[in-house]
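To keep things clear, I will list the structure first and then write my remarks on it.
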Amino acid sequence: MNSYVTVTMSSDVLERTRALISCPSVTPHEGGALDLLQSWLEPLGFVCHRLDFSAENTPPVNNLYARRGTGTPHFCFAGHTDVVPPGPETAWSSPPFTPTIDGNALRGRGAVDMKGAIAAFVSAVAQMLEGPAGEGSVSLLITGDEEGPAINGTVKMLEWLESRGEQIDHCLVGEPTNPEALGDMIKIGRRGSVNVDLTINGTQGHVAYPHRASNPIPVLAKVVAHLSAQTLDEGTPHFQPSNLEFTTIDVGNPTTNVIPGAAHARLNIRFNDLHTGQGLIEWLYREIKPITDDYVLNPVISGEAFLTPPGPFPDLVARAVAAETGRTPEFSTSGGTSDARFIQAHCPVVEFGLVGATMHKVDERVRLDDLTRLTAIYRRVLTDYFAANVSG
């Protein structure tokens, strides 16, 4: 990067957040959010690439990769401009895509998940470039597919980068990681996730002649009870215990006098780094087989467990958080999945963003001072990163 850059564009994070919220970018629609980002980044010297990807049975998605500089080290901010549907607008205190200041908070869909953080990315870079900048390059990897299938976004963008020979050295994802207050928590890993559709087959028949049928419901009940009683592990120093949860049981039988021919259930396993997705699928087969041979499993691994161990890079981010908030953040692997599960295969990655208490809720909102402080944290991360020789 150049040593000095004159920035004439406003670096006001509040105005950027308001502008992004105004874009109705419900997955998979871009809604103008990426156009807006590109218009901010190109004047700062970023080379922008709009990447359109599609796959069978999924909607096409538009993504943005923007990089300034070509040297190393290469620091990347990653995130998403897509948001979940707002639900009935009448439930909101103001229209969800009309950013509204209410006291010390900004209200609107995506305020914390995660348009506020993306605005802070850009403002932090703009502020950093007002003064001396170290050698290296900085990029933004922004998808429109995180809240959806997560097929045509970050995964394919990373494959595209590999095909170009581009390597990210370290990445910070701006997910809302803090439970109650800015500075509470940095995510240094996530549990893996396996979703499973289970079908127990039987033989349909009249309830008055059970000997001519085979009822799959009692068999499914035994499988549910057995699997639910199992302890997968006791947790690890950085992960809570893995857990298996059934999310639905369904027969779909509209009558009272017919034994159904099949019974269905869905379950999810959230697992730590003692397991792999494939290993747990094999475990399910072994556990179900003694109960019944007549069943079908349809498993999907949506992410493997990963950990960026405490070390130079997580510590650098933690120092920046502490310096700007006065709080010592907890290193955690709690919560659901994020696109960090894909990035971890390419470089060390941590997550830090806003307070997530209102994400995906009606009247989603962010404190105004949190936007300012998050920008200061990201700027400090950047300046400290390029001033240091971060190796882990």
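Just remember, in the structure tokens the first chain shown is A, the second B, etc., residues are 1-based per chain, and ligands are 1-based in the order shown.
With only C-alpha atoms taken into account, the protein and nucleic acid residues at most 6 Å from segment 67-84 of chain A (excluding it and anything under 3 positions from it in its own chain) are Met1, Ser25, Val26, Thr27, Gly45, Phe46, Val47, Gly110, Gly136, Ser137, Val138, Ser139, Leu140, Leu141, Ile142, Thr143, Gly144, Ile168, Asp169, His170, Cys171, Leu172, Val173 and Gly174 of chain A.
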Please give the complete set of residues from segment 150-382 of chain A that DSSP, run on the backbone, assigns to strand (DSSP E or B), formatted as a short mmCIF file (atom, residue, chain, number, x, y, z; two decimals) with all heavy atoms, in the first residue's frame.
data_model
loop_
_atom_site.label_atom_id
_atom_site.label_comp_id
_atom_site.auth_asym_id
_atom_site.auth_seq_id
_atom_site.Cartn_x
_atom_site.Cartn_y
_atom_site.Cartn_z
N HIS A 170 -4.48 -13.66 6.89
CA HIS A 170 -5.32 -13.67 8.09
C HIS A 170 -6.65 -13.01 7.75
O HIS A 170 -6.70 -12.10 6.92
CB HIS A 170 -4.66 -12.91 9.25
CG HIS A 170 -3.41 -13.57 9.75
ND1 HIS A 170 -2.18 -13.33 9.19
CD2 HIS A 170 -3.21 -14.46 10.75
CE1 HIS A 170 -1.26 -14.05 9.82
NE2 HIS A 170 -1.86 -14.75 10.77
N CYS A 171 -7.70 -13.44 8.45
CA CYS A 171 -9.04 -12.94 8.14
C CYS A 171 -9.81 -12.64 9.42
O CYS A 171 -9.74 -13.39 10.39
CB CYS A 171 -9.81 -13.96 7.30
SG CYS A 171 -11.46 -13.40 6.79
N LEU A 172 -10.55 -11.54 9.39
CA LEU A 172 -11.47 -11.19 10.47
C LEU A 172 -12.87 -11.12 9.88
O LEU A 172 -13.12 -10.37 8.93
CB LEU A 172 -11.07 -9.85 11.10
CG LEU A 172 -11.80 -9.46 12.39
CD1 LEU A 172 -10.95 -8.51 13.23
CD2 LEU A 172 -13.16 -8.82 12.12
N VAL A 173 -13.79 -11.91 10.44
CA VAL A 173 -15.19 -11.93 10.02
C VAL A 173 -15.98 -11.05 10.98
O VAL A 173 -15.84 -11.17 12.21
CB VAL A 173 -15.74 -13.36 10.01
CG1 VAL A 173 -17.21 -13.37 9.60
CG2 VAL A 173 -14.92 -14.24 9.06
N ASN A 178 -20.79 -10.49 20.14
CA ASN A 178 -20.87 -10.09 21.54
C ASN A 178 -22.28 -10.33 22.10
O ASN A 178 -23.26 -9.84 21.54
CB ASN A 178 -20.51 -8.62 21.68
CG ASN A 178 -19.07 -8.35 21.30
OD1 ASN A 178 -18.16 -8.64 22.06
ND2 ASN A 178 -18.86 -7.81 20.10
N MET A 185 -16.74 -10.74 23.59
CA MET A 185 -16.38 -12.05 23.05
C MET A 185 -15.79 -11.97 21.66
O MET A 185 -16.27 -11.22 20.80
CB MET A 185 -17.63 -12.94 23.02
CG MET A 185 -17.40 -14.37 22.60
SD MET A 185 -18.94 -15.35 22.73
CE MET A 185 -19.14 -15.42 24.53
N ILE A 186 -14.74 -12.75 21.45
CA ILE A 186 -14.16 -13.01 20.13
C ILE A 186 -14.35 -14.49 19.85
O ILE A 186 -14.05 -15.34 20.69
CB ILE A 186 -12.66 -12.66 20.09
CG1 ILE A 186 -12.45 -11.16 20.31
CG2 ILE A 186 -12.02 -13.09 18.78
CD1 ILE A 186 -11.00 -10.77 20.52
N LYS A 187 -14.84 -14.81 18.67
CA LYS A 187 -14.97 -16.21 18.29
C LYS A 187 -13.66 -16.67 17.65
O LYS A 187 -13.19 -16.09 16.66
CB LYS A 187 -16.10 -16.39 17.27
CG LYS A 187 -17.46 -15.91 17.73
CD LYS A 187 -18.11 -16.85 18.73
CE LYS A 187 -19.54 -16.40 18.99
NZ LYS A 187 -20.24 -17.25 19.97
N GLY A 189 -13.34 -20.03 16.90
CA GLY A 189 -13.70 -21.29 16.28
C GLY A 189 -15.20 -21.46 16.33
O GLY A 189 -15.93 -20.65 16.93
N ARG A 190 -15.67 -22.50 15.72
CA ARG A 190 -17.09 -22.82 15.73
C ARG A 190 -17.26 -24.34 15.75
O ARG A 190 -16.42 -25.08 15.23
CB ARG A 190 -17.78 -22.28 14.48
CG ARG A 190 -17.80 -20.76 14.38
CD ARG A 190 -18.95 -20.16 15.14
NE ARG A 190 -19.08 -18.73 14.87
CZ ARG A 190 -20.15 -18.01 15.15
NH1 ARG A 190 -21.19 -18.58 15.72
NH2 ARG A 190 -20.20 -16.71 14.90
N GLY A 192 -18.98 -27.83 14.49
CA GLY A 192 -19.49 -28.32 13.23
C GLY A 192 -20.97 -28.64 13.33
O GLY A 192 -21.56 -28.65 14.42
N SER A 193 -21.58 -28.90 12.17
CA SER A 193 -23.01 -29.17 12.15
C SER A 193 -23.34 -30.24 11.11
O SER A 193 -22.86 -30.17 9.97
CB SER A 193 -23.79 -27.89 11.82
OG SER A 193 -25.17 -28.13 11.72
N VAL A 194 -24.13 -31.22 11.52
CA VAL A 194 -24.66 -32.25 10.62
C VAL A 194 -26.17 -32.26 10.72
O VAL A 194 -26.73 -32.36 11.83
CB VAL A 194 -24.12 -33.66 10.96
CG1 VAL A 194 -24.74 -34.70 10.03
CG2 VAL A 194 -22.62 -33.71 10.85
N ASN A 195 -26.85 -32.10 9.60
CA ASN A 195 -28.31 -32.24 9.54
C ASN A 195 -28.66 -33.60 8.93
O ASN A 195 -28.04 -34.00 7.94
CB ASN A 195 -28.92 -31.12 8.70
CG ASN A 195 -28.81 -29.78 9.38
OD1 ASN A 195 -29.32 -29.57 10.48
ND2 ASN A 195 -28.12 -28.84 8.75
N VAL A 196 -29.62 -34.28 9.51
CA VAL A 196 -29.95 -35.63 9.08
C VAL A 196 -31.46 -35.78 8.93
O VAL A 196 -32.22 -35.45 9.85
CB VAL A 196 -29.44 -36.68 10.09
CG1 VAL A 196 -29.81 -38.09 9.63
CG2 VAL A 196 -27.93 -36.57 10.27
N ASP A 197 -31.88 -36.28 7.78
CA ASP A 197 -33.26 -36.75 7.58
C ASP A 197 -33.26 -38.26 7.79
O ASP A 197 -32.49 -38.98 7.14
CB ASP A 197 -33.76 -36.42 6.18
CG ASP A 197 -34.09 -34.95 6.01
OD1 ASP A 197 -34.54 -34.33 6.98
OD2 ASP A 197 -33.89 -34.43 4.91
N LEU A 198 -34.10 -38.76 8.67
CA LEU A 198 -34.18 -40.18 9.00
C LEU A 198 -35.57 -40.70 8.65
O LEU A 198 -36.58 -40.11 9.05
CB LEU A 198 -33.90 -40.38 10.50
CG LEU A 198 -34.21 -41.75 11.09
CD1 LEU A 198 -33.33 -42.82 10.48
CD2 LEU A 198 -34.06 -41.71 12.62
N THR A 199 -35.62 -41.79 7.92
CA THR A 199 -36.88 -42.46 7.60
C THR A 199 -36.84 -43.90 8.09
O THR A 199 -35.91 -44.65 7.77
CB THR A 199 -37.15 -42.46 6.08
OG1 THR A 199 -37.25 -41.11 5.62
CG2 THR A 199 -38.44 -43.19 5.75
N ILE A 200 -37.81 -44.28 8.90
CA ILE A 200 -37.99 -45.66 9.32
C ILE A 200 -39.11 -46.26 8.47
O ILE A 200 -40.24 -45.74 8.45
CB ILE A 200 -38.37 -45.76 10.81
CG1 ILE A 200 -37.31 -45.07 11.67
CG2 ILE A 200 -38.54 -47.22 11.20
CD1 ILE A 200 -35.94 -45.71 11.66
N ASN A 201 -38.80 -47.31 7.75
CA ASN A 201 -39.79 -47.93 6.88
C ASN A 201 -40.62 -48.97 7.63
O ASN A 201 -40.13 -49.66 8.53
CB ASN A 201 -39.11 -48.59 5.68
CG ASN A 201 -38.46 -47.56 4.77
OD1 ASN A 201 -39.07 -46.56 4.43
ND2 ASN A 201 -37.21 -47.80 4.39
N THR A 203 -44.74 -51.24 7.06
CA THR A 203 -45.71 -51.74 6.07
C THR A 203 -47.09 -51.20 6.43
O THR A 203 -47.58 -51.42 7.55
CB THR A 203 -45.75 -53.27 6.06
OG1 THR A 203 -44.44 -53.78 5.77
CG2 THR A 203 -46.73 -53.78 5.00
N GLY A 205 -51.05 -50.71 6.75
CA GLY A 205 -52.14 -51.66 6.91
C GLY A 205 -53.24 -51.11 7.80
O GLY A 205 -53.14 -50.01 8.36
N HIS A 206 -54.32 -51.89 7.94
CA HIS A 206 -55.46 -51.50 8.76
C HIS A 206 -55.12 -51.71 10.23
O HIS A 206 -54.51 -52.72 10.61
CB HIS A 206 -56.68 -52.35 8.38
CG HIS A 206 -57.98 -51.79 8.85
ND1 HIS A 206 -58.32 -51.71 10.18
CD2 HIS A 206 -59.04 -51.31 8.15
CE1 HIS A 206 -59.52 -51.19 10.30
NE2 HIS A 206 -59.99 -50.93 9.06
N SER A 214 -46.70 -53.49 9.55
CA SER A 214 -45.51 -53.28 10.39
C SER A 214 -45.43 -51.80 10.72
O SER A 214 -45.16 -50.98 9.84
CB SER A 214 -44.24 -53.74 9.67
OG SER A 214 -43.09 -53.46 10.45
N ASN A 243 -23.75 -31.92 21.01
CA ASN A 243 -25.12 -32.29 21.34
C ASN A 243 -25.91 -32.69 20.10
O ASN A 243 -25.70 -32.16 19.01
CB ASN A 243 -25.84 -31.16 22.08
CG ASN A 243 -26.01 -29.91 21.24
OD1 ASN A 243 -25.04 -29.23 20.91
ND2 ASN A 243 -27.25 -29.59 20.89
N LEU A 244 -26.79 -33.67 20.29
CA LEU A 244 -27.68 -34.17 19.26
C LEU A 244 -29.10 -33.79 19.65
O LEU A 244 -29.54 -34.09 20.77
CB LEU A 244 -27.54 -35.68 19.12
CG LEU A 244 -28.39 -36.42 18.09
CD1 LEU A 244 -27.69 -37.71 17.66
CD2 LEU A 244 -29.79 -36.76 18.61
N GLU A 245 -29.82 -33.15 18.72
CA GLU A 245 -31.18 -32.73 19.00
C GLU A 245 -32.11 -33.12 17.85
O GLU A 245 -31.82 -32.82 16.68
CB GLU A 245 -31.26 -31.20 19.18
CG GLU A 245 -30.35 -30.65 20.27
CD GLU A 245 -30.72 -31.12 21.67
OE1 GLU A 245 -31.90 -31.48 21.88
OE2 GLU A 245 -29.83 -31.13 22.54
N PHE A 246 -33.22 -33.78 18.18
CA PHE A 246 -34.26 -34.02 17.19
C PHE A 246 -35.09 -32.74 17.03
O PHE A 246 -35.45 -32.09 18.01
CB PHE A 246 -35.15 -35.19 17.61
CG PHE A 246 -34.54 -36.52 17.29
CD1 PHE A 246 -33.70 -37.14 18.21
CD2 PHE A 246 -34.79 -37.14 16.08
CE1 PHE A 246 -33.12 -38.36 17.91
CE2 PHE A 246 -34.21 -38.36 15.78
CZ PHE A 246 -33.37 -38.97 16.69
N THR A 247 -35.36 -32.38 15.77
CA THR A 247 -36.07 -31.14 15.50
C THR A 247 -37.48 -31.35 14.98
O THR A 247 -38.29 -30.42 15.01
CB THR A 247 -35.28 -30.29 14.49
OG1 THR A 247 -35.09 -31.04 13.28
CG2 THR A 247 -33.92 -29.91 15.06
N THR A 248 -37.80 -32.54 14.50
CA THR A 248 -39.18 -32.84 14.12
C THR A 248 -39.36 -34.34 14.00
O THR A 248 -38.42 -35.08 13.69
CB THR A 248 -39.56 -32.17 12.78
OG1 THR A 248 -40.97 -32.35 12.53
CG2 THR A 248 -38.81 -32.76 11.61
N ILE A 249 -40.57 -34.78 14.27
CA ILE A 249 -41.01 -36.15 14.02
C ILE A 249 -42.33 -36.06 13.26
O ILE A 249 -43.24 -35.33 13.67
CB ILE A 249 -41.21 -36.95 15.32
CG1 ILE A 249 -39.88 -37.12 16.05
CG2 ILE A 249 -41.84 -38.31 15.04
CD1 ILE A 249 -40.01 -37.78 17.42
N ASP A 250 -42.43 -36.76 12.14
CA ASP A 250 -43.58 -36.57 11.27
C ASP A 250 -43.98 -37.89 10.63
O ASP A 250 -43.15 -38.62 10.09
CB ASP A 250 -43.22 -35.54 10.18
CG ASP A 250 -44.39 -35.26 9.25
OD1 ASP A 250 -45.54 -35.34 9.71
OD2 ASP A 250 -44.14 -34.99 8.07
N VAL A 258 -55.38 -46.27 9.89
CA VAL A 258 -54.35 -46.80 9.01
C VAL A 258 -52.99 -46.75 9.71
O VAL A 258 -52.59 -45.69 10.22
CB VAL A 258 -54.28 -46.02 7.68
CG1 VAL A 258 -53.10 -46.51 6.83
CG2 VAL A 258 -55.57 -46.17 6.90
N ILE A 259 -52.32 -47.88 9.75
CA ILE A 259 -50.92 -47.91 10.19
C ILE A 259 -50.07 -47.36 9.05
O ILE A 259 -50.18 -47.84 7.91
CB ILE A 259 -50.50 -49.35 10.54
CG1 ILE A 259 -51.26 -49.84 11.77
CG2 ILE A 259 -48.99 -49.42 10.79
CD1 ILE A 259 -51.08 -51.33 12.05
N ALA A 262 -44.40 -45.44 6.72
CA ALA A 262 -43.08 -44.88 7.04
C ALA A 262 -43.25 -43.79 8.08
O ALA A 262 -44.32 -43.17 8.20
CB ALA A 262 -42.41 -44.33 5.79
N ALA A 263 -42.22 -43.56 8.86
CA ALA A 263 -42.18 -42.48 9.85
C ALA A 263 -40.87 -41.72 9.67
O ALA A 263 -39.82 -42.34 9.40
CB ALA A 263 -42.29 -43.04 11.27
N HIS A 264 -40.94 -40.41 9.81
CA HIS A 264 -39.78 -39.57 9.48
C HIS A 264 -39.39 -38.71 10.69
O HIS A 264 -40.23 -38.35 11.52
CB HIS A 264 -40.11 -38.65 8.30
CG HIS A 264 -40.71 -39.36 7.13
ND1 HIS A 264 -39.95 -40.02 6.20
CD2 HIS A 264 -42.01 -39.53 6.76
CE1 HIS A 264 -40.75 -40.55 5.29
NE2 HIS A 264 -42.01 -40.27 5.61
N ALA A 265 -38.12 -38.38 10.73
CA ALA A 265 -37.61 -37.47 11.77
C ALA A 265 -36.42 -36.70 11.20
O ALA A 265 -35.77 -37.15 10.25
CB ALA A 265 -37.19 -38.23 13.02
N ARG A 266 -36.17 -35.54 11.78
CA ARG A 266 -34.97 -34.78 11.45
C ARG A 266 -34.21 -34.51 12.73
O ARG A 266 -34.81 -34.28 13.79
CB ARG A 266 -35.31 -33.46 10.76
CG ARG A 266 -35.76 -33.63 9.32
CD ARG A 266 -35.62 -32.32 8.54
NE ARG A 266 -36.42 -31.27 9.13
CZ ARG A 266 -37.68 -31.00 8.77
NH1 ARG A 266 -38.27 -31.75 7.85
NH2 ARG A 266 -38.35 -30.01 9.34
N LEU A 267 -32.90 -34.54 12.62
CA LEU A 267 -32.06 -34.25 13.77
C LEU A 267 -30.85 -33.43 13.33
O LEU A 267 -30.48 -33.41 12.16
CB LEU A 267 -31.62 -35.53 14.47
CG LEU A 267 -30.72 -36.49 13.69
CD1 LEU A 267 -29.25 -36.27 14.01
CD2 LEU A 267 -31.09 -37.94 13.99
N ASN A 268 -30.28 -32.75 14.30
CA ASN A 268 -29.05 -31.99 14.07
C ASN A 268 -28.04 -32.33 15.15
O ASN A 268 -28.40 -32.49 16.32
CB ASN A 268 -29.34 -30.48 14.11
CG ASN A 268 -28.08 -29.64 13.98
OD1 ASN A 268 -27.45 -29.28 14.97
ND2 ASN A 268 -27.70 -29.34 12.75
N ILE A 269 -26.79 -32.46 14.74
CA ILE A 269 -25.69 -32.65 15.70
C ILE A 269 -24.76 -31.46 15.57
O ILE A 269 -24.25 -31.17 14.48
CB ILE A 269 -24.90 -33.95 15.43
CG1 ILE A 269 -25.84 -35.16 15.42
CG2 ILE A 269 -23.83 -34.13 16.50
CD1 ILE A 269 -25.13 -36.46 15.07
N ARG A 270 -24.56 -30.75 16.68
CA ARG A 270 -23.53 -29.71 16.75
C ARG A 270 -22.35 -30.32 17.51
O ARG A 270 -22.49 -30.75 18.65
CB ARG A 270 -24.06 -28.47 17.48
CG ARG A 270 -25.18 -27.76 16.73
CD ARG A 270 -24.73 -27.26 15.37
NE ARG A 270 -25.82 -26.80 14.55
CZ ARG A 270 -26.11 -25.53 14.32
NH1 ARG A 270 -25.39 -24.58 14.87
NH2 ARG A 270 -27.12 -25.21 13.53
N PHE A 271 -21.20 -30.33 16.84
CA PHE A 271 -20.09 -31.12 17.38
C PHE A 271 -18.80 -30.31 17.47
O PHE A 271 -18.57 -29.38 16.71
CB PHE A 271 -19.88 -32.37 16.54
CG PHE A 271 -19.58 -32.14 15.08
CD1 PHE A 271 -18.27 -32.06 14.62
CD2 PHE A 271 -20.61 -32.01 14.15
CE1 PHE A 271 -17.98 -31.86 13.27
CE2 PHE A 271 -20.34 -31.81 12.80
CZ PHE A 271 -19.02 -31.73 12.37
N TYR A 295 -34.22 -48.73 7.36
CA TYR A 295 -34.24 -47.28 7.54
C TYR A 295 -33.36 -46.63 6.47
O TYR A 295 -32.54 -47.27 5.82
CB TYR A 295 -33.74 -46.89 8.94
CG TYR A 295 -32.26 -47.11 9.17
CD1 TYR A 295 -31.35 -46.08 9.01
CD2 TYR A 295 -31.77 -48.36 9.54
CE1 TYR A 295 -29.99 -46.27 9.22
CE2 TYR A 295 -30.43 -48.57 9.75
CZ TYR A 295 -29.53 -47.53 9.60
OH TYR A 295 -28.19 -47.74 9.79
N VAL A 296 -33.55 -45.32 6.32
CA VAL A 296 -32.76 -44.54 5.37
C VAL A 296 -32.28 -43.27 6.06
O VAL A 296 -33.07 -42.56 6.69
CB VAL A 296 -33.58 -44.16 4.11
CG1 VAL A 296 -32.75 -43.27 3.19
CG2 VAL A 296 -34.06 -45.41 3.39
N LEU A 297 -30.98 -43.00 5.95
CA LEU A 297 -30.40 -41.75 6.46
C LEU A 297 -30.02 -40.87 5.28
O LEU A 297 -29.38 -41.33 4.33
CB LEU A 297 -29.14 -42.02 7.28
CG LEU A 297 -29.26 -42.45 8.74
CD1 LEU A 297 -27.86 -42.56 9.34
CD2 LEU A 297 -30.09 -41.49 9.55
N ASN A 298 -30.38 -39.59 5.35
CA ASN A 298 -29.92 -38.61 4.37
C ASN A 298 -29.22 -37.49 5.14
O ASN A 298 -29.86 -36.53 5.58
CB ASN A 298 -31.10 -38.05 3.56
CG ASN A 298 -31.63 -39.06 2.57
OD1 ASN A 298 -30.88 -39.62 1.77
ND2 ASN A 298 -32.94 -39.32 2.61
N PRO A 299 -27.90 -37.62 5.31
CA PRO A 299 -27.16 -36.62 6.10
C PRO A 299 -26.54 -35.53 5.21
O PRO A 299 -26.18 -35.78 4.06
CB PRO A 299 -26.07 -37.45 6.77
CG PRO A 299 -25.79 -38.55 5.78
CD PRO A 299 -27.08 -38.81 5.03
N VAL A 300 -26.42 -34.34 5.77
CA VAL A 300 -25.73 -33.23 5.10
C VAL A 300 -24.82 -32.58 6.13
O VAL A 300 -25.28 -32.12 7.18
CB VAL A 300 -26.71 -32.19 4.54
CG1 VAL A 300 -25.94 -31.01 3.95
CG2 VAL A 300 -27.61 -32.81 3.48
N ILE A 301 -23.52 -32.53 5.83
CA ILE A 301 -22.56 -31.85 6.69
C ILE A 301 -22.50 -30.39 6.26
O ILE A 301 -22.06 -30.08 5.16
CB ILE A 301 -21.17 -32.50 6.59
CG1 ILE A 301 -21.23 -33.97 6.96
CG2 ILE A 301 -20.17 -31.76 7.49
CD1 ILE A 301 -19.96 -34.74 6.63
N SER A 302 -22.96 -29.49 7.12
CA SER A 302 -22.95 -28.08 6.75
C SER A 302 -21.71 -27.35 7.22
O SER A 302 -21.49 -26.18 6.86
CB SER A 302 -24.20 -27.37 7.31
OG SER A 302 -24.27 -27.53 8.71
N GLY A 303 -20.86 -28.01 7.98
CA GLY A 303 -19.60 -27.41 8.40
C GLY A 303 -18.89 -28.30 9.39
O GLY A 303 -19.53 -28.99 10.19
N PHE A 306 -13.87 -26.18 13.86
CA PHE A 306 -12.52 -25.65 13.64
C PHE A 306 -12.14 -24.75 14.80
O PHE A 306 -12.98 -24.26 15.55
CB PHE A 306 -12.44 -24.87 12.32
CG PHE A 306 -13.14 -23.53 12.34
CD1 PHE A 306 -12.46 -22.38 12.68
CD2 PHE A 306 -14.48 -23.43 12.04
CE1 PHE A 306 -13.10 -21.15 12.71
CE2 PHE A 306 -15.14 -22.21 12.06
CZ PHE A 306 -14.44 -21.07 12.40
N LEU A 307 -10.84 -24.54 14.94
CA LEU A 307 -10.31 -23.70 16.01
C LEU A 307 -9.09 -22.95 15.50
O LEU A 307 -8.21 -23.53 14.86
CB LEU A 307 -9.91 -24.58 17.20
CG LEU A 307 -9.27 -23.86 18.40
CD1 LEU A 307 -10.32 -23.02 19.13
CD2 LEU A 307 -8.64 -24.87 19.37
N GLU A 330 -13.62 -12.55 25.94
CA GLU A 330 -13.50 -14.00 26.09
C GLU A 330 -13.28 -14.62 24.72
O GLU A 330 -13.93 -14.27 23.75
CB GLU A 330 -14.79 -14.55 26.69
CG GLU A 330 -14.87 -16.07 26.74
CD GLU A 330 -16.26 -16.58 27.10
OE1 GLU A 330 -17.15 -15.75 27.38
OE2 GLU A 330 -16.44 -17.81 27.08
N PHE A 331 -12.33 -15.57 24.65
CA PHE A 331 -12.19 -16.39 23.45
C PHE A 331 -13.23 -17.50 23.52
O PHE A 331 -13.26 -18.26 24.49
CB PHE A 331 -10.80 -17.00 23.35
CG PHE A 331 -9.71 -16.01 22.99
CD1 PHE A 331 -8.42 -16.17 23.47
CD2 PHE A 331 -9.97 -14.94 22.16
CE1 PHE A 331 -7.42 -15.28 23.13
CE2 PHE A 331 -8.98 -14.04 21.80
CZ PHE A 331 -7.70 -14.21 22.29
N SER A 332 -14.06 -17.62 22.50
CA SER A 332 -15.19 -18.55 22.56
C SER A 332 -15.38 -19.26 21.23
O SER A 332 -14.97 -18.76 20.17
CB SER A 332 -16.48 -17.78 22.92
OG SER A 332 -17.61 -18.61 22.86
N VAL A 349 -8.51 -17.51 11.10
CA VAL A 349 -9.66 -16.62 11.05
C VAL A 349 -10.25 -16.46 12.45
O VAL A 349 -10.30 -17.43 13.23
CB VAL A 349 -10.73 -17.15 10.07
CG1 VAL A 349 -11.18 -18.56 10.42
CG2 VAL A 349 -11.94 -16.21 10.00
N VAL A 350 -10.63 -15.24 12.80
CA VAL A 350 -11.38 -14.97 14.02
C VAL A 350 -12.59 -14.14 13.64
O VAL A 350 -12.66 -13.57 12.54
CB VAL A 350 -10.53 -14.25 15.09
CG1 VAL A 350 -9.32 -15.08 15.48
CG2 VAL A 350 -10.12 -12.87 14.60
N GLU A 351 -13.54 -14.06 14.56
CA GLU A 351 -14.76 -13.29 14.33
C GLU A 351 -14.94 -12.29 15.46
O GLU A 351 -14.82 -12.63 16.63
CB GLU A 351 -15.98 -14.22 14.28
CG GLU A 351 -15.92 -15.28 13.20
CD GLU A 351 -17.06 -16.27 13.33
OE1 GLU A 351 -18.23 -15.83 13.23
OE2 GLU A 351 -16.80 -17.46 13.55
N VAL A 355 -22.94 -6.29 19.01
CA VAL A 355 -23.74 -7.04 19.98
C VAL A 355 -24.91 -7.69 19.24
O VAL A 355 -25.66 -7.01 18.53
CB VAL A 355 -24.25 -6.11 21.09
CG1 VAL A 355 -25.17 -6.87 22.05
CG2 VAL A 355 -23.08 -5.49 21.84
N ARG A 365 -31.43 -3.48 16.03
CA ARG A 365 -30.85 -2.16 16.25
C ARG A 365 -29.44 -2.27 16.81
O ARG A 365 -29.06 -3.27 17.41
CB ARG A 365 -31.72 -1.33 17.19
CG ARG A 365 -31.92 -1.94 18.56
CD ARG A 365 -33.11 -1.32 19.28
NE ARG A 365 -33.39 -1.98 20.55
CZ ARG A 365 -34.15 -3.06 20.66
NH1 ARG A 365 -34.67 -3.63 19.58
NH2 ARG A 365 -34.36 -3.61 21.85
N VAL A 366 -28.69 -1.17 16.60
CA VAL A 366 -27.31 -1.10 17.06
C VAL A 366 -27.12 0.23 17.78
O VAL A 366 -27.67 1.27 17.37
CB VAL A 366 -26.33 -1.21 15.87
CG1 VAL A 366 -26.57 -0.12 14.83
CG2 VAL A 366 -24.88 -1.16 16.35
N ARG A 367 -26.36 0.21 18.84
CA ARG A 367 -26.01 1.45 19.54
C ARG A 367 -25.12 2.30 18.65
O ARG A 367 -24.18 1.79 18.01
CB ARG A 367 -25.30 1.15 20.85
CG ARG A 367 -26.18 0.57 21.95
CD ARG A 367 -25.34 0.18 23.16
NE ARG A 367 -24.54 1.30 23.63
CZ ARG A 367 -24.83 2.03 24.71
NH1 ARG A 367 -25.93 1.76 25.40
NH2 ARG A 367 -24.05 3.02 25.10
#
Open item on the list: Taking only C-alpha atoms into account, name the residue in A:Gly31, A:Gly108, A:Gly116, A:Pro85 that is nearest to Asp12 of chain A.
Closed with: A:Gly116
Spatial neighbours of Glu364 of chain A, max dist 8 Å, only C-alpha atoms, sep filter under 3 positions, as an mmCIF file with C-alpha atoms, in the first residue's frame:
data_model
loop_
_atom_site.group_PDB
_atom_site.id
_atom_site.type_symbol
_atom_site.label_atom_id
_atom_site.label_comp_id
_atom_site.auth_asym_id
_atom_site.auth_seq_id
_atom_site.Cartn_x
_atom_site.Cartn_y
_atom_site.Cartn_z
ATOM 1 C CA ARG A 107 -32.892 0.630 13.910
ATOM 2 C CA GLY A 108 -33.252 -1.385 10.702
ATOM 3 C CA ARG A 109 -32.852 -4.868 9.246
ATOM 4 C CA GLY A 110 -29.159 -5.743 9.092
ATOM 5 C CA ALA A 111 -28.050 -3.113 11.594
ATOM 6 C CA VAL A 112 -26.047 -5.671 13.591
ATOM 7 C CA THR A 358 -31.376 -8.167 18.340
ATOM 8 C CA MET A 359 -30.095 -9.937 15.215
ATOM 9 C CA HIS A 360 -32.852 -11.592 13.138
ATOM 10 C CA LYS A 361 -35.451 -9.944 15.409
#
